[in-house]
$ cat structure-v5.pdb   # PDB, C-alpha atoms
ATOM      1  CA  MET N   1      16.806   1.626   0.746
ATOM      2  CA  HIS N   2      13.587   2.953  -0.808
ATOM      3  CA  ASP N   3      14.516   1.553  -4.232
ATOM      4  CA  VAL N   4      15.653  -1.767  -2.745
ATOM      5  CA  ARG N   5      12.380  -2.153  -0.864
ATOM      6  CA  HIS N   6      10.326  -1.437  -3.977
ATOM      7  CA  THR N   7      12.421  -3.838  -6.038
ATOM      8  CA  ILE N   8      11.933  -6.660  -3.525
ATOM      9  CA  GLY N   9       8.205  -5.958  -3.390
ATOM     10  CA  ALA N  10       7.954  -6.088  -7.178
ATOM     11  CA  MET N  11       9.901  -9.371  -7.246
ATOM     12  CA  LEU N  12       7.536 -10.916  -4.686
ATOM     13  CA  ASP N  13       4.503  -9.706  -6.640
ATOM     14  CA  ARG N  14       5.849 -11.367  -9.803
ATOM     15  CA  ALA N  15       6.605 -14.575  -7.901
ATOM     16  CA  MET N  16       3.057 -14.674  -6.497
ATOM     17  CA  CYS N  17       1.579 -14.307  -9.967
ATOM     18  CA  ASN N  18       3.957 -16.857 -11.476
ATOM     19  CA  GLN N  19       3.177 -19.430  -8.787
ATOM     20  CA  SER N  20      -0.602 -18.933  -8.873
ATOM     21  CA  HIS N  21      -3.278 -19.751 -11.445
ATOM     22  CA  PRO N  22      -4.942 -16.987 -13.475
ATOM     23  CA  PHE N  23      -8.702 -16.676 -13.589
ATOM     24  CA  ASP N  24     -10.252 -18.691 -16.399
ATOM     25  CA  VAL N  25     -13.476 -18.038 -18.317
ATOM     26  CA  ALA N  26     -15.607 -19.880 -15.758
ATOM     27  CA  ASP N  27     -14.146 -17.799 -12.905
ATOM     28  CA  TRP N  28     -15.112 -14.558 -14.617
ATOM     29  CA  GLN N  29     -18.647 -15.747 -15.367
ATOM     30  CA  ALA N  30     -19.435 -17.306 -11.979
ATOM     31  CA  SER N  31     -21.960 -15.582  -9.722
ATOM     32  CA  ALA N  32     -20.414 -14.062  -6.608
ATOM     33  CA  VAL N  33     -21.047 -12.621  -3.190
ATOM     34  CA  ILE N  34     -18.405 -10.154  -2.035
ATOM     35  CA  ILE N  35     -18.174  -9.791   1.748
ATOM     36  CA  ALA N  36     -16.411  -6.690   3.080
ATOM     37  CA  PRO N  37     -15.613  -5.901   6.730
ATOM     38  CA  HIS N  38     -15.921  -2.158   6.054
ATOM     39  CA  PRO N  39     -17.052   0.031   3.168
ATOM     40  CA  ASP N  40     -13.993   0.334   0.837
ATOM     41  CA  ASP N  41     -12.599  -3.189   1.427
ATOM     42  CA  GLU N  42     -14.730  -4.491  -1.455
ATOM     43  CA  THR N  43     -13.029  -2.124  -3.891
ATOM     44  CA  LEU N  44      -9.543  -2.280  -2.418
ATOM     45  CA  GLY N  45      -9.380  -6.081  -2.381
ATOM     46  CA  CYS N  46     -11.401  -7.214  -5.386
ATOM     47  CA  GLY N  47     -12.908  -4.171  -7.084
ATOM     48  CA  GLY N  48     -11.288  -5.070 -10.384
ATOM     49  CA  VAL N  49     -12.738  -8.566 -10.359
ATOM     50  CA  ALA N  50     -16.152  -7.180  -9.382
ATOM     51  CA  SER N  51     -16.043  -4.653 -12.220
ATOM     52  CA  LYS N  52     -15.120  -7.246 -14.845
ATOM     53  CA  LYS N  53     -17.691  -9.725 -13.576
ATOM     54  CA  LEU N  54     -20.469  -7.135 -13.593
ATOM     55  CA  SER N  55     -19.551  -5.900 -17.067
ATOM     56  CA  SER N  56     -19.738  -9.478 -18.363
ATOM     57  CA  GLY N  57     -23.229  -9.938 -16.914
ATOM     58  CA  ALA N  58     -22.316 -12.073 -13.890
ATOM     59  CA  ASP N  59     -24.526 -11.804 -10.805
ATOM     60  CA  VAL N  60     -22.519 -10.059  -8.066
ATOM     61  CA  GLN N  61     -23.922  -9.194  -4.634
ATOM     62  CA  PHE N  62     -22.232  -7.221  -1.839
ATOM     63  CA  ILE N  63     -22.391  -7.581   1.944
ATOM     64  CA  PHE N  64     -20.887  -4.945   4.238
ATOM     65  CA  VAL N  65     -20.412  -6.355   7.729
ATOM     66  CA  THR N  66     -19.579  -3.379   9.979
ATOM     67  CA  ASP N  67     -21.057   0.095   9.794
ATOM     68  CA  GLY N  68     -17.692   1.854   9.362
ATOM     69  CA  SER N  69     -18.651   4.370  12.051
ATOM     70  CA  ALA N  70     -15.322   4.334  13.914
ATOM     71  CA  SER N  71     -12.877   5.219  11.140
ATOM     72  CA  HIS N  72     -12.834   8.884  12.247
ATOM     73  CA  ALA N  73     -14.464   8.473  15.645
ATOM     74  CA  ASN N  74     -12.824  11.481  17.265
ATOM     75  CA  ARG N  75     -13.729  13.801  14.396
ATOM     76  CA  VAL N  76     -17.351  13.079  13.467
ATOM     77  CA  ASP N  77     -20.450  11.568  15.084
ATOM     78  CA  GLY N  78     -20.613   7.807  14.579
ATOM     79  CA  GLU N  79     -24.185   7.712  13.292
ATOM     80  CA  ALA N  80     -23.462  10.486  10.815
ATOM     81  CA  LEU N  81     -20.376   8.637   9.599
ATOM     82  CA  ARG N  82     -22.356   5.412   9.224
ATOM     83  CA  ILE N  83     -24.837   7.151   6.945
ATOM     84  CA  ILE N  84     -22.010   8.727   4.953
ATOM     85  CA  ARG N  85     -20.130   5.474   4.515
ATOM     86  CA  GLU N  86     -23.197   3.497   3.503
ATOM     87  CA  GLY N  87     -23.895   6.069   0.817
ATOM     88  CA  GLU N  88     -20.290   5.863  -0.332
ATOM     89  CA  ALA N  89     -20.486   2.065  -0.473
ATOM     90  CA  ILE N  90     -23.571   2.161  -2.685
ATOM     91  CA  GLU N  91     -21.959   4.716  -4.977
ATOM     92  CA  ALA N  92     -18.790   2.604  -5.220
ATOM     93  CA  VAL N  93     -20.815  -0.487  -6.147
ATOM     94  CA  CYS N  94     -22.645   1.525  -8.803
ATOM     95  CA  ARG N  95     -19.333   2.764 -10.189
ATOM     96  CA  LEU N  96     -18.160  -0.846 -10.412
ATOM     97  CA  GLY N  97     -21.204  -1.563 -12.560
ATOM     98  CA  GLY N  98     -23.636  -2.743  -9.895
ATOM     99  CA  SER N  99     -26.706  -1.164  -8.315
ATOM    100  CA  ALA N 100     -28.075  -0.330  -4.857
ATOM    101  CA  ASP N 101     -30.301  -3.425  -4.794
ATOM    102  CA  ARG N 102     -27.166  -5.610  -4.846
ATOM    103  CA  VAL N 103     -26.000  -4.201  -1.486
ATOM    104  CA  ARG N 104     -26.764  -5.387   2.064
ATOM    105  CA  PHE N 105     -25.538  -3.794   5.298
ATOM    106  CA  LEU N 106     -25.287  -5.927   8.450
ATOM    107  CA  ARG N 107     -24.470  -2.833  10.554
ATOM    108  CA  VAL N 108     -22.301  -4.558  13.128
ATOM    109  CA  PRO N 109     -20.629  -1.814  15.207
ATOM    110  CA  ASP N 110     -17.284  -0.877  13.676
ATOM    111  CA  GLY N 111     -14.440  -2.407  15.684
ATOM    112  CA  MET N 112     -16.767  -4.852  17.470
ATOM    113  CA  ALA N 113     -17.136  -7.630  14.887
ATOM    114  CA  LYS N 114     -15.235 -10.142  17.032
ATOM    115  CA  HIS N 115     -18.106  -9.994  19.531
ATOM    116  CA  HIS N 116     -20.707 -10.797  16.864
ATOM    117  CA  VAL N 117     -19.200 -13.659  14.826
ATOM    118  CA  GLY N 118     -22.240 -15.904  15.349
ATOM    119  CA  LYS N 119     -24.633 -13.130  14.357
ATOM    120  CA  ILE N 120     -22.534 -12.370  11.276
ATOM    121  CA  ALA N 121     -22.520 -16.040  10.265
ATOM    122  CA  GLU N 122     -26.286 -16.350  10.586
ATOM    123  CA  ALA N 123     -26.972 -13.133   8.659
ATOM    124  CA  ILE N 124     -24.653 -14.072   5.804
ATOM    125  CA  ALA N 125     -26.026 -17.629   5.668
ATOM    126  CA  GLU N 126     -29.564 -16.284   5.209
ATOM    127  CA  LEU N 127     -28.416 -14.206   2.245
ATOM    128  CA  LEU N 128     -26.446 -17.096   0.727
ATOM    129  CA  LEU N 129     -29.571 -19.251   0.821
ATOM    130  CA  VAL N 130     -31.409 -16.582  -1.170
ATOM    131  CA  TRP N 131     -28.636 -15.798  -3.667
ATOM    132  CA  GLN N 132     -27.048 -19.277  -3.976
ATOM    133  CA  PRO N 133     -23.726 -17.975  -5.364
ATOM    134  CA  GLN N 134     -21.119 -20.082  -7.084
ATOM    135  CA  THR N 135     -18.304 -18.094  -5.461
ATOM    136  CA  VAL N 136     -17.768 -16.086  -2.287
ATOM    137  CA  PHE N 137     -15.094 -13.422  -1.812
ATOM    138  CA  VAL N 138     -14.060 -12.493   1.722
ATOM    139  CA  THR N 139     -11.083 -10.823   3.360
ATOM    140  CA  HIS N 140      -8.100 -13.064   3.977
ATOM    141  CA  ALA N 141      -7.674 -15.163   7.107
ATOM    142  CA  LYS N 142      -4.169 -13.672   7.532
ATOM    143  CA  GLU N 143      -5.438 -10.079   7.659
ATOM    144  CA  PRO N 144      -4.289  -8.257  10.818
ATOM    145  CA  PRO N 145      -7.343  -6.059  11.682
ATOM    146  CA  ALA N 146      -9.726  -7.675  14.183
ATOM    147  CA  ASP N 147     -12.827  -6.835  12.114
ATOM    148  CA  HIS N 148     -11.252  -8.544   9.103
ATOM    149  CA  VAL N 149     -10.444 -11.675  11.117
ATOM    150  CA  ALA N 150     -13.995 -11.754  12.507
ATOM    151  CA  THR N 151     -15.499 -11.256   9.048
ATOM    152  CA  ASN N 152     -13.509 -14.201   7.729
ATOM    153  CA  LEU N 153     -14.642 -16.352  10.666
ATOM    154  CA  GLY N 154     -18.239 -15.240  10.214
ATOM    155  CA  ALA N 155     -18.147 -16.004   6.502
ATOM    156  CA  ARG N 156     -16.740 -19.484   7.130
ATOM    157  CA  GLY N 157     -19.446 -20.096   9.697
ATOM    158  CA  ALA N 158     -22.058 -18.935   7.194
ATOM    159  CA  LEU N 159     -20.706 -21.240   4.516
ATOM    160  CA  HIS N 160     -20.896 -24.159   6.941
ATOM    161  CA  LEU N 161     -24.530 -23.294   7.678
ATOM    162  CA  TYR N 162     -25.207 -22.833   3.960
ATOM    163  CA  GLY N 163     -23.912 -26.315   3.217
ATOM    164  CA  ARG N 164     -23.808 -26.063  -0.566
ATOM    165  CA  ARG N 165     -20.699 -26.272  -2.704
ATOM    166  CA  VAL N 166     -19.001 -22.943  -3.247
ATOM    167  CA  THR N 167     -15.588 -21.672  -4.323
ATOM    168  CA  VAL N 168     -14.071 -19.253  -1.822
ATOM    169  CA  PHE N 169     -11.627 -16.505  -2.755
ATOM    170  CA  GLU N 170      -9.917 -14.868   0.220
ATOM    171  CA  TYR N 171      -8.623 -11.448  -0.772
ATOM    172  CA  PRO N 172      -5.871  -9.504   1.022
ATOM    173  CA  VAL N 173      -6.195  -5.833   1.957
ATOM    174  CA  TRP N 174      -4.278  -5.042   5.155
ATOM    175  CA  TYR N 175      -2.131  -8.101   4.555
ATOM    176  CA  TRP N 176      -0.050  -5.759   2.409
ATOM    177  CA  TYR N 177       0.643  -3.495   5.359
ATOM    178  CA  GLN N 178       4.118  -4.921   5.864
ATOM    179  CA  TRP N 179       7.668  -4.589   4.573
ATOM    180  CA  PRO N 180       8.593  -4.560   1.694
ATOM    181  CA  TRP N 181       5.293  -3.103   0.435
ATOM    182  CA  VAL N 182       5.361  -0.346   3.042
ATOM    183  CA  ARG N 183       8.152   0.966   5.219
ATOM    184  CA  LEU N 184       8.248  -0.156   8.841
ATOM    185  CA  HIS N 185       8.256   3.380  10.235
ATOM    186  CA  ASP N 186       4.956   4.905   9.200
ATOM    187  CA  ARG N 187       4.039   8.502   9.953
ATOM    188  CA  VAL N 188       0.506   7.353  10.788
ATOM    189  CA  LEU N 189       0.487   6.954  14.564
ATOM    190  CA  GLY N 190      -0.078   3.482  15.969
ATOM    191  CA  PHE N 191       0.624   1.621  12.742
ATOM    192  CA  ASN N 192       4.331   0.824  13.129
ATOM    193  CA  ARG N 193       3.798  -2.147  15.436
ATOM    194  CA  THR N 194       1.178  -3.615  13.074
ATOM    195  CA  ALA N 195       3.568  -3.428  10.115
ATOM    196  CA  LEU N 196       6.394  -5.056  12.064
ATOM    197  CA  ARG N 197       4.178  -7.826  13.423
ATOM    198  CA  GLN N 198       2.765  -8.571   9.974
ATOM    199  CA  THR N 199       6.257  -8.607   8.429
ATOM    200  CA  VAL N 200       7.439 -11.183  10.976
ATOM    201  CA  ARG N 201       4.279 -13.324  10.595
ATOM    202  CA  THR N 202       4.662 -13.607   6.817
ATOM    203  CA  LEU N 203       8.480 -13.762   6.683
ATOM    204  CA  ALA N 204       8.465 -10.419   4.856
ATOM    205  CA  GLY N 205       5.910 -11.664   2.352
ATOM    206  CA  LEU N 206       7.705 -14.896   1.439
ATOM    207  CA  ARG N 207       4.857 -17.045   2.755
ATOM    208  CA  GLY N 208       2.525 -15.362   0.302
ATOM    209  CA  VAL N 209       4.281 -17.008  -2.650
ATOM    210  CA  LYS N 210       2.783 -20.366  -1.590
ATOM    211  CA  MET N 211      -0.303 -19.057   0.189
ATOM    212  CA  PHE N 212      -1.819 -17.175  -2.756
ATOM    213  CA  ASN N 213      -2.829 -19.626  -5.464
ATOM    214  CA  SER N 214      -5.059 -17.524  -7.740
ATOM    215  CA  HIS N 215      -4.742 -14.174  -9.472
ATOM    216  CA  ALA N 216      -6.773 -11.995 -11.800
ATOM    217  CA  PHE N 217      -5.473  -9.437 -14.278
ATOM    218  CA  ILE N 218      -7.387  -6.185 -13.797
ATOM    219  CA  GLY N 219      -5.116  -3.746 -15.608
ATOM    220  CA  ASP N 220      -7.832  -3.183 -18.201
ATOM    221  CA  VAL N 221     -10.289  -1.951 -15.529
ATOM    222  CA  ILE N 222      -7.911  -0.202 -13.145
ATOM    223  CA  ASP N 223      -9.492   3.168 -13.961
ATOM    224  CA  ALA N 224     -12.905   1.787 -12.979
ATOM    225  CA  LYS N 225     -11.426   0.508  -9.720
ATOM    226  CA  ARG N 226      -9.869   3.925  -9.005
ATOM    227  CA  HIS N 227     -13.179   5.614  -9.825
ATOM    228  CA  ALA N 228     -15.032   3.301  -7.428
ATOM    229  CA  LEU N 229     -12.474   3.847  -4.685
ATOM    230  CA  ALA N 230     -12.835   7.609  -5.079
ATOM    231  CA  ALA N 231     -16.503   7.188  -4.123
ATOM    232  CA  HIS N 232     -15.298   6.421  -0.595
ATOM    233  CA  ARG N 233     -14.633  10.114  -0.025
ATOM    234  CA  SER N 234     -14.454   9.874   3.759
ATOM    235  CA  GLN N 235     -11.453   7.557   3.321
ATOM    236  CA  MET N 236      -9.893   9.220   0.275
ATOM    237  CA  GLU N 237     -10.345  12.997   0.675
ATOM    238  CA  ARG N 238      -9.735  15.481   3.472
ATOM    239  CA  PRO N 239     -12.755  17.710   4.133
ATOM    240  CA  ALA N 240     -12.064  21.418   3.735
ATOM    241  CA  GLY N 241     -10.342  22.811   6.791
ATOM    242  CA  LEU N 242      -9.599  19.409   8.359
ATOM    243  CA  ASP N 243      -5.921  18.960   7.605
ATOM    244  CA  ASP N 244      -5.568  16.240  10.262
ATOM    245  CA  TRP N 245      -8.277  14.028   8.719
ATOM    246  CA  PRO N 246      -6.559  10.680   7.984
ATOM    247  CA  ILE N 247      -6.981   9.194   4.512
ATOM    248  CA  LEU N 248      -5.763   5.989   2.871
ATOM    249  CA  ALA N 249      -3.087   7.836   0.908
ATOM    250  CA  ASP N 250      -1.386   8.664   4.221
ATOM    251  CA  VAL N 251      -0.778   5.000   5.050
ATOM    252  CA  GLY N 252       2.749   3.929   4.243
ATOM    253  CA  GLY N 253       3.402   7.227   2.512
ATOM    254  CA  GLY N 254       1.088   6.132  -0.319
ATOM    255  CA  ASP N 255       2.770   2.761  -0.895
ATOM    256  CA  PHE N 256      -0.097   0.833   0.723
ATOM    257  CA  LEU N 257      -2.643   2.289  -1.681
ATOM    258  CA  ASN N 258      -0.315   1.851  -4.659
ATOM    259  CA  ARG N 259      -0.015  -1.870  -3.922
ATOM    260  CA  LEU N 260      -3.789  -2.240  -3.796
ATOM    261  CA  LEU N 261      -4.120  -0.457  -7.132
ATOM    262  CA  SER N 262      -1.761  -2.769  -9.020
ATOM    263  CA  GLU N 263      -2.682  -4.621 -12.207
ATOM    264  CA  HIS N 264      -3.372  -7.926 -10.472
ATOM    265  CA  GLU N 265      -5.671  -8.890  -7.640
ATOM    266  CA  ILE N 266      -4.504 -11.967  -5.812
ATOM    267  CA  PHE N 267      -6.356 -14.579  -3.773
ATOM    268  CA  THR N 268      -6.232 -17.786  -1.769
ATOM    269  CA  ARG N 269      -8.772 -20.025  -3.467
ATOM    270  CA  TYR N 270     -10.365 -23.214  -2.132
ATOM    271  CA  GLU N 271     -13.551 -25.285  -2.354
ATOM    272  CA  LEU N 272     -16.003 -25.736   0.503
ATOM    273  CA  ASN N 273     -18.871 -28.196   0.964
ATOM    274  CA  ALA N 274     -17.682 -30.198  -2.050
TER     275      ALA N 274
END

$ encode --input "structure-v5.pdb" --output "structure tokens"
Amino acid sequence: MHDVRHTIGAMLDRAMCNQSHPFDVADWQASAVIIAPHPDDETLGCGGVASKKLSSGADVQFIFVTDGSASHANRVDGEALRIIREGEAIEAVCRLGGSADRVRFLRVPDGMAKHHVGKIAEAIAELLLVWQPQTVFVTHAKEPPADHVATNLGARGALHLYGRRVTVFEYPVWYWYQWPWVRLHDRVLGFNRTALRQTVRTLAGLRGVKMFNSHAFIGDVIDAKRHALAAHRSQMERPAGLDDWPILADVGGGDFLNRLLSEHEIFTRYELNA
């Protein structure tokens, strides 16, 4: 069953690429704002695109919506974790080729973004007016986590307030937490229901073949993406002596992370305020 699942996942990945349009020269050169619900989403979802854009001289800015303070809430003080994760986010951006002055933190309480959608929209809109990007990257509308849904809603609200033409790229992260990309019975407690629900919602990924209409080859910068992701140590490494510290490699027995480190990043692309 393991081999069958992986084969089906690979077939769907190929179908998504075949049915979507690759980035062209203008896409790679366009200025961008990358909006992430939590520190690490920027690298997981579009770190390869960010790396290639930055290396080509494109202007790329980063907005982190929540403070990431609840990822290990029962193991470390929230304020301490916020400081750690903000430092990790800056380091990841630098490893992608950016710099600390390209980063903004909205510091919405982790897990509470749905209660602050209006505030998120206003804060992002203010930054868009300053940066005036040609493109905006934000987590996908079909993402299951509540903070990801709220970030997408906040970004759309911001773009409405902004009012200028922009190309939006919605990038999937936790969308991939479904069969066939991960097994339905995860060892990480509390995740099994999420995987099943997501699998049903997307018809086991079949809806993605039509939903995703843009893809970018990032195989030539996958090492840079891995290096940037490693900067998020609180999510990637277990501290000494804390064997029960959850990390991303635990999710789906490693299959979730493997999918996000593939040679293509995929998006739903559309124009707003045209």

$ resolve_selection --input "structure-v5.pdb" --expression "the PyMOL selection byres ((chain N and resi 186) around 9)" --output "mmCIF file with C-alpha atoms, in the frame of the given file"
data_model
loop_
_atom_site.group_PDB
_atom_site.id
_atom_site.type_symbol
_atom_site.label_atom_id
_atom_site.label_comp_id
_atom_site.auth_asym_id
_atom_site.auth_seq_id
_atom_site.Cartn_x
_atom_site.Cartn_y
_atom_site.Cartn_z
ATOM 1 C CA VAL N 182 5.361 -0.346 3.042
ATOM 2 C CA ARG N 183 8.152 0.966 5.219
ATOM 3 C CA LEU N 184 8.248 -0.156 8.841
ATOM 4 C CA HIS N 185 8.256 3.380 10.235
ATOM 5 C CA ARG N 187 4.039 8.502 9.953
ATOM 6 C CA VAL N 188 0.506 7.353 10.788
ATOM 7 C CA LEU N 189 0.487 6.954 14.564
ATOM 8 C CA GLY N 190 -0.078 3.482 15.969
ATOM 9 C CA PHE N 191 0.624 1.621 12.742
ATOM 10 C CA ASN N 192 4.331 0.824 13.129
ATOM 11 C CA ALA N 195 3.568 -3.428 10.115
ATOM 12 C CA ASP N 250 -1.386 8.664 4.221
ATOM 13 C CA VAL N 251 -0.778 5.000 5.050
ATOM 14 C CA GLY N 252 2.749 3.929 4.243
ATOM 15 C CA GLY N 253 3.402 7.227 2.512
#

$ residues_around --input "structure-v5.pdb" --residues "stretch 263-270 of chain N" --least-positions-apart "5" --cutoff "6 Å" --atoms "only C-alpha atoms" --output "PyMOL selection string"
chain N and resi 167-171+212-219

$ resolve_selection --input "structure-v5.pdb" --expression "the PyMOL selection byres ((chain N and resi 141) around 12)" --output "number ranges by chain"
N: 137-140, 142-156, 168-175, 211-212, 267-269

$ resolve_selection --input "structure-v5.pdb" --expression "the PyMOL selection byres ((chain N and resi 44) around 10)" --output "list of chain:residue names"
N:Ala36, N:Pro39, N:Asp40, N:Asp41, N:Glu42, N:Thr43, N:Gly45, N:Cys46, N:Gly47, N:Gly48, N:Tyr171, N:Pro172, N:Val173, N:Trp174, N:Lys225, N:Arg226, N:Ala228, N:Leu229, N:Leu257, N:Arg259, N:Leu260, N:Leu261, N:Glu265

$ closest_residue --input "structure-v5.pdb" --among "N:Pro180, N:Gly254, N:Gly118, N:Gly87" --to "N:Arg104" --atoms "all atoms listed in the file"
N:Gly87

$ residues_around --input "structure-v5.pdb" --residues "N:His160" --least-positions-apart "6" --cutoff "10 Å" --atoms "all atoms listed in the file" --output "list in words"
Ala121, Ala125, Gly154, Leu272 and Asn273 of chain N

$ atom_distance --input "structure-v5.pdb" --atom1 "atom CA of N:Leu159" --atom2 "atom CA of N:Ala50"
20.3 Å
